[in-house]
Amino acid sequence: MGARAGIVVTGTEVLTGRVTDRNGPWLAEQLRRLGLDVGQVVVVGDRPEDLHSALAYLSATNDLVLTSGGLGPTADDLTAQVVGDFCGRASAVDEELADRIGAIVDRLMARRGWARGGRDQEAATREGTRKQARVPAGALVLEPVGTAPGLVVPPAQGDGPPVVVLPGPPTELQAMWPAALAAAPVRAVLDRAEELRQDTLRLWGTPEFALAATLRRVDDQLAGLEITTCLRDGELEIVTRYAPAAGAAYQRLVDAVRADFGGTLVSEGPDGDTLLAAALGSRGLTVATAESCTGGQLVARLIDRPGASAWVPGGVVSYSNTAKQELLGVSAQTLATVGAVSPEVARQLADGARSRFGADVGIGVTGIAGPGGGSPDKPVGTVHLCAVGPDGVLTRSLVVPGDRAAFRKRTVTVGMHLLRSLLLGGPPA
């Protein structure tokens, strides 16, 4: 591999899980596409000593270090100061930058109708603006997208990687990214980068131990591949990173997986839903959903791809029995005799969705997401799915483990594979 990069995500709210980190994964993928191998994403709270330790750790093994967060006007936002100190560069207020930030703050306050509220607030606003305008000597300023500027800080003595300091809000960070890439210290690192490919295979219905046996059998043929396997929502993913020189080794991996698991290999490529979308598009078919326990997440997955309006006319979330009857034509007698969570109701939901939207394919989902509502006959996690189309009917009933969120994610994945099986054949859902 060529150049390497490390990422520090700052913020106690991220460290404690109150806010999900979106910046680390996004930056890692952007850097991978540029040929930089990311070996570590470190999350630290708002303690300066922890950020300093993370910078020291990453600087020892990487050609480029990036940080996100900690650039606001409040006392806990100390990233710029800590990075400057770490790189051996004293910080001072850039007066012209302070004026530009002040103008941005004025526009924001006017747009939102916020009043400054007297002399004390005026002073506090000015103090916060000047804090955000403190720049390490010799650093390159990346113009603010919100109110916080970014920075590219090279080491004072030329020993160590440059540090790219980016804001925490993902929209601001992503908008600032092109400017960061254009900075001379970053370009110098990118010039040493090598192409780093990443490909994905997905299996459905293959146990991990079976895949492990295949990988052991061909291990001596896979030099240069970094292979990661992950069981996610029932799908077994094989994600492989490699330099172009190892392309032949990757093809040997693909050949081995096809030979051993051709019946359960459901996608090749980063988008696991490509084959389903292609099948709907090539046949000119449309699909509509009727969901209860998944609350619209199945239709959301179906429309996640651009152009999905060509094959998804719509979906109905019918949580109550009344909604099932009035919106989708589920029989009151069926509900009374077998209950809402039953294969019969899943079939009627699928038929109702198909009829309601005039779709070629309908899929119905009903289940018990929990944590309450279960019984000995229908425990929490019970779910019934039915897909109806021109090629026939497929059903699936199972008990999904986990909390409400895990139940819904796994059920949506099963629903996608049920549609795939109905339209393309292959491994059953």
# chains A, B, ... in the order shown; residues from 1 in each chain; ligands from 1
>>> residues_around(residues="Ala193 in chain A", least_positions_apart="6", cutoff="6 Å", atoms="only C-alpha atoms", output="list in words")
Gly2, Ala3, Gly35 and Leu36 of chain A
>>> write_last_selection(atoms="C-alpha atoms", output="PDB file, in the first residue's frame")
ATOM      1  CA  GLY A   2       1.085   3.631  -0.514  1.00  0.00           C
ATOM      2  CA  ALA A   3       0.359   6.583   1.767  1.00  0.00           C
ATOM      3  CA  GLY A  35      -5.566   5.845  -2.579  1.00  0.00           C
ATOM      4  CA  LEU A  36      -4.856   6.582   1.083  1.00  0.00           C
TER       5      LEU A  36
END
>>> residues_around(residues="range 206-223 of chain A", least_positions_apart="5", cutoff="7 Å", atoms="only C-alpha atoms", output="ChimeraX atom specification")
/A:249-250,253,264
>>> select_by_dssp(residues="range 242-412 of chain A", states="strand (DSSP E or B)", output="number ranges by chain")
A: 242, 265-268, 287-291, 314-317, 361-367, 382-389, 392-399
>>> closest_residue(among="A:Gly402, A:Gly367, A:Gly39, A:Gly263", to="Asp233 in chain A", atoms="only C-alpha atoms")
A:Gly402
>>> closest_residue(among="A:Ala405, A:Leu27, A:Val93, A:Val152", to="Leu173 in chain A", atoms="only C-alpha atoms")
A:Leu27
>>> residues_around(residues="Leu398 in chain A", least_positions_apart="5", cutoff="8 Å", atoms="only C-alpha atoms", output="PyMOL selection string")
chain A and resi 381-384
>>> residues_around(residues="Leu302 in chain A", least_positions_apart="2", cutoff="9 Å", atoms="only C-alpha atoms", output="PyMOL selection string")
chain A and resi 273+277+287+297-300+304-305+308+311-312+416
>>> residues_around(residues="Ala246 in chain A", least_positions_apart="3", cutoff="12 Å", atoms="only C-alpha atoms", output="mmCIF file with C-alpha atoms, in the first residue's frame")
data_model
loop_
_atom_site.group_PDB
_atom_site.id
_atom_site.type_symbol
_atom_site.label_atom_id
_atom_site.label_comp_id
_atom_site.auth_asym_id
_atom_site.auth_seq_id
_atom_site.Cartn_x
_atom_site.Cartn_y
_atom_site.Cartn_z
ATOM 1 C CA MET A 1 0.000 0.000 0.000
ATOM 2 C CA GLU A 195 -4.908 3.259 -6.171
ATOM 3 C CA LEU A 196 -6.702 1.238 -3.506
ATOM 4 C CA ARG A 197 -9.605 -0.800 -4.836
ATOM 5 C CA GLN A 198 -12.481 -2.109 -2.767
ATOM 6 C CA GLN A 221 -3.592 -17.830 -3.793
ATOM 7 C CA LEU A 222 -4.765 -14.535 -2.250
ATOM 8 C CA ALA A 223 -1.539 -12.620 -1.604
ATOM 9 C CA GLY A 224 -2.060 -8.860 -1.560
ATOM 10 C CA LEU A 225 -5.722 -8.982 -0.538
ATOM 11 C CA GLU A 226 -7.110 -7.534 2.679
ATOM 12 C CA THR A 240 -11.800 -6.873 -0.102
ATOM 13 C CA ARG A 241 -9.281 -4.057 -0.449
ATOM 14 C CA TYR A 242 -6.293 -4.406 -2.733
ATOM 15 C CA ALA A 243 -3.844 -2.591 -4.986
ATOM 16 C CA ALA A 249 -5.611 -12.599 -6.786
ATOM 17 C CA TYR A 250 -8.994 -10.922 -6.309
ATOM 18 C CA GLN A 251 -10.352 -12.708 -9.376
ATOM 19 C CA ARG A 252 -9.193 -16.017 -7.860
ATOM 20 C CA LEU A 253 -11.172 -15.138 -4.725
#
>>> closest_residue(among="A:Thr322, A:Ser91, A:Thr129, A:Thr147", to="Ile104 in chain A", atoms="only C-alpha atoms")
A:Thr147
